[in-house]
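In what follows, a single structure is set out as structure tokens and then discussed.
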Amino acid sequence: MITIKSEQELEKMRVAGQVVAQILEELARLVKPGISTLDLDRKAEKLAMERGTLPAFKGYSGYRHSICASVNEAVVHGIPNKQPLCEGDIVGIDFGVIYEGFYGDSALTLSVGKTSGEADRLMRVTQEALYCGIEQAWPGNHVHDISHAVQKHLEGASYSVVRELVGHGIGRRLHEEPQVPNYGRLGTGAELQAGMVIAIEPMANVGGPAVRFLPDGWTVVTRDGSLSAHFEHTVAVTKEGPEVLSLRSEEKEWARKRR
């Protein structure tokens, strides 16, 4: 069932979203060769607790960490470990918090030191695809209008779209209805209404779209070993248009221009 959030509930989700944004900004400043994803995980948990929130992922379906950290060919749900990140890696960091019973969720993919032109382009285009999807989050549009916009931008840049994993509604639970795929046909899917909150999260591969799970039961990697990028925002559908609840500081100029 799709839930419509009241203004009071949205205000709590704004707080959750901004805590996530601030912590991701702090983690991004730490990403460099030599740091481990386990270091980042511990930092994220500490920062969440200091802000009066709980890490949303820790304990979810038995998951034992506060972030998902997905390196290179890992698409999503990578488990933090002690292995140092290396010059030229890319790392996707997915993080969420719970504030007064409501969730915030966001992700970004970052360069570790100097990365290849191919990696840079993949990250840029995947983030652009997220913004294309966000632009469709208006009342009266449909969920797959978002999906179509993401797909069109990624495939137009010759990247493949991961189909087995999707975005989702979010609120009192981390994953609510509706599902938000990264591919779809215009005018289909649930109609968007003011008060809906969704997590839009493009996942793009340099190679083919196929993925597989590693034996750890969590980490999803590209089947062909190609690079993958992941970006995500928590977005409220409002009468005035999409409101990005997890907007980071460096994105505020983009948000200003789109108004």
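Residues are referred to by chain and number: the chain letter is A, B, ... according to the order shown in the structure tokens, the number counts from 1 in that chain, and ligands are numbered separately from 1 in the order shown.
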Test item: residues at most 7 Å from Thr234 (chain A), only C-alpha atoms, excluding those fewer than 3 positions along its chain, as an MDAnalysis selection string:
chainID A and resid 17 104:106 197:200 244:246
Do you know which residues are at most 10 Å from Thr37 (chain A) counting only C-alpha atoms, after dropping those on the same chain fewer than 6 positions away, and could you put them as a ChimeraX atom specification?
/A:31,43,67-71,78-85,91,93
May I ask which of the residues A:Gln136, A:Ser228, A:Ser36, A:Ser66 is the closest one to Gly241 (chain A), counting only C-alpha atoms?
A:Gln136
So which residues touch Arg163 (chain A) within 12 Å, counting only C-alpha atoms, skipping near sequence neighbours fewer than 5 positions away, as JSON, numbers by chain?
{"A": [75, 147, 150, 151, 179, 180, 181, 182, 183, 184, 201, 202, 203, 204, 205, 208, 209, 210, 211, 212, 222]}
File of the preceding selection, C-alpha atoms, as a JSON list (two decimals), in the first residue's frame:
[["chain", "number", "residue", "atom", "x", "y", "z"],
["A", 75, "VAL", "CA", 26.63, -2.46, -7.96],
["A", 147, "SER", "CA", 11.81, 5.13, -14.77],
["A", 150, "VAL", "CA", 16.38, 7.41, -16.07],
["A", 151, "GLN", "CA", 16.52, 4.70, -18.73],
["A", 179, "GLN", "CA", 8.70, 0.05, -6.50],
["A", 180, "VAL", "CA", 10.57, 2.52, -8.74],
["A", 181, "PRO", "CA", 12.41, 0.67, -11.53],
["A", 182, "ASN", "CA", 15.13, 2.34, -13.60],
["A", 183, "TYR", "CA", 13.39, 1.39, -16.84],
["A", 184, "GLY", "CA", 9.77, 1.70, -17.93],
["A", 201, "GLU", "CA", 18.24, 5.23, -7.41],
["A", 202, "PRO", "CA", 19.77, 4.70, -10.85],
["A", 203, "MET", "CA", 22.30, 1.87, -11.16],
["A", 204, "ALA", "CA", 24.31, 1.87, -14.38],
["A", 205, "ASN", "CA", 26.90, -0.53, -15.80],
["A", 208, "GLY", "CA", 25.95, -5.55, -19.81],
["A", 209, "PRO", "CA", 22.98, -5.24, -17.44],
["A", 210, "ALA", "CA", 23.31, -8.71, -15.88],
["A", 211, "VAL", "CA", 24.28, -8.96, -12.20],
["A", 212, "ARG", "CA", 24.95, -11.72, -9.69],
["A", 222, "THR", "CA", 28.14, -6.96, -12.55]]
Picked from region 148-223 of chain A by DSSP as strand (DSSP E), as a VMD selection string
chain A and resid 160 to 161 167 to 169 176 to 180 197 to 200 203 to 205 211 to 213 220 to 222
Please write the residues from the selection above to a file, keeping C-alpha atoms, as a PDB file, in the first residue's frame.
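So the final result, stored in again17.pdb, reads:
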ATOM      1  CA  SER A 160      23.133  -0.536 -19.404  1.00  0.00           C
ATOM      2  CA  VAL A 161      20.419  -0.332 -16.778  1.00  0.00           C
ATOM      3  CA  GLY A 167      14.061   2.218  -6.094  1.00  0.00           C
ATOM      4  CA  HIS A 168      11.201   2.267  -3.608  1.00  0.00           C
ATOM      5  CA  GLY A 169       8.773   4.172  -1.480  1.00  0.00           C
ATOM      6  CA  GLU A 176       7.578   0.777   0.994  1.00  0.00           C
ATOM      7  CA  GLU A 177       5.397   0.742  -2.100  1.00  0.00           C
ATOM      8  CA  PRO A 178       5.695   1.674  -4.894  1.00  0.00           C
ATOM      9  CA  GLN A 179       8.702   0.054  -6.501  1.00  0.00           C
ATOM     10  CA  VAL A 180      10.566   2.521  -8.737  1.00  0.00           C
ATOM     11  CA  VAL A 197       7.973   9.942  -0.794  1.00  0.00           C
ATOM     12  CA  ILE A 198      10.181   7.762  -2.970  1.00  0.00           C
ATOM     13  CA  ALA A 199      13.823   6.764  -3.220  1.00  0.00           C
ATOM     14  CA  ILE A 200      14.990   7.125  -6.815  1.00  0.00           C
ATOM     15  CA  MET A 203      22.296   1.868 -11.162  1.00  0.00           C
ATOM     16  CA  ALA A 204      24.311   1.865 -14.382  1.00  0.00           C
ATOM     17  CA  ASN A 205      26.899  -0.532 -15.798  1.00  0.00           C
ATOM     18  CA  VAL A 211      24.282  -8.962 -12.198  1.00  0.00           C
ATOM     19  CA  ARG A 212      24.953 -11.723  -9.691  1.00  0.00           C
ATOM     20  CA  PHE A 213      25.104 -12.064  -5.907  1.00  0.00           C
ATOM     21  CA  VAL A 220      25.593  -7.509  -6.024  1.00  0.00           C
ATOM     22  CA  VAL A 221      28.232  -7.284  -8.782  1.00  0.00           C
ATOM     23  CA  THR A 222      28.141  -6.964 -12.553  1.00  0.00           C
TER      24      THR A 222
END
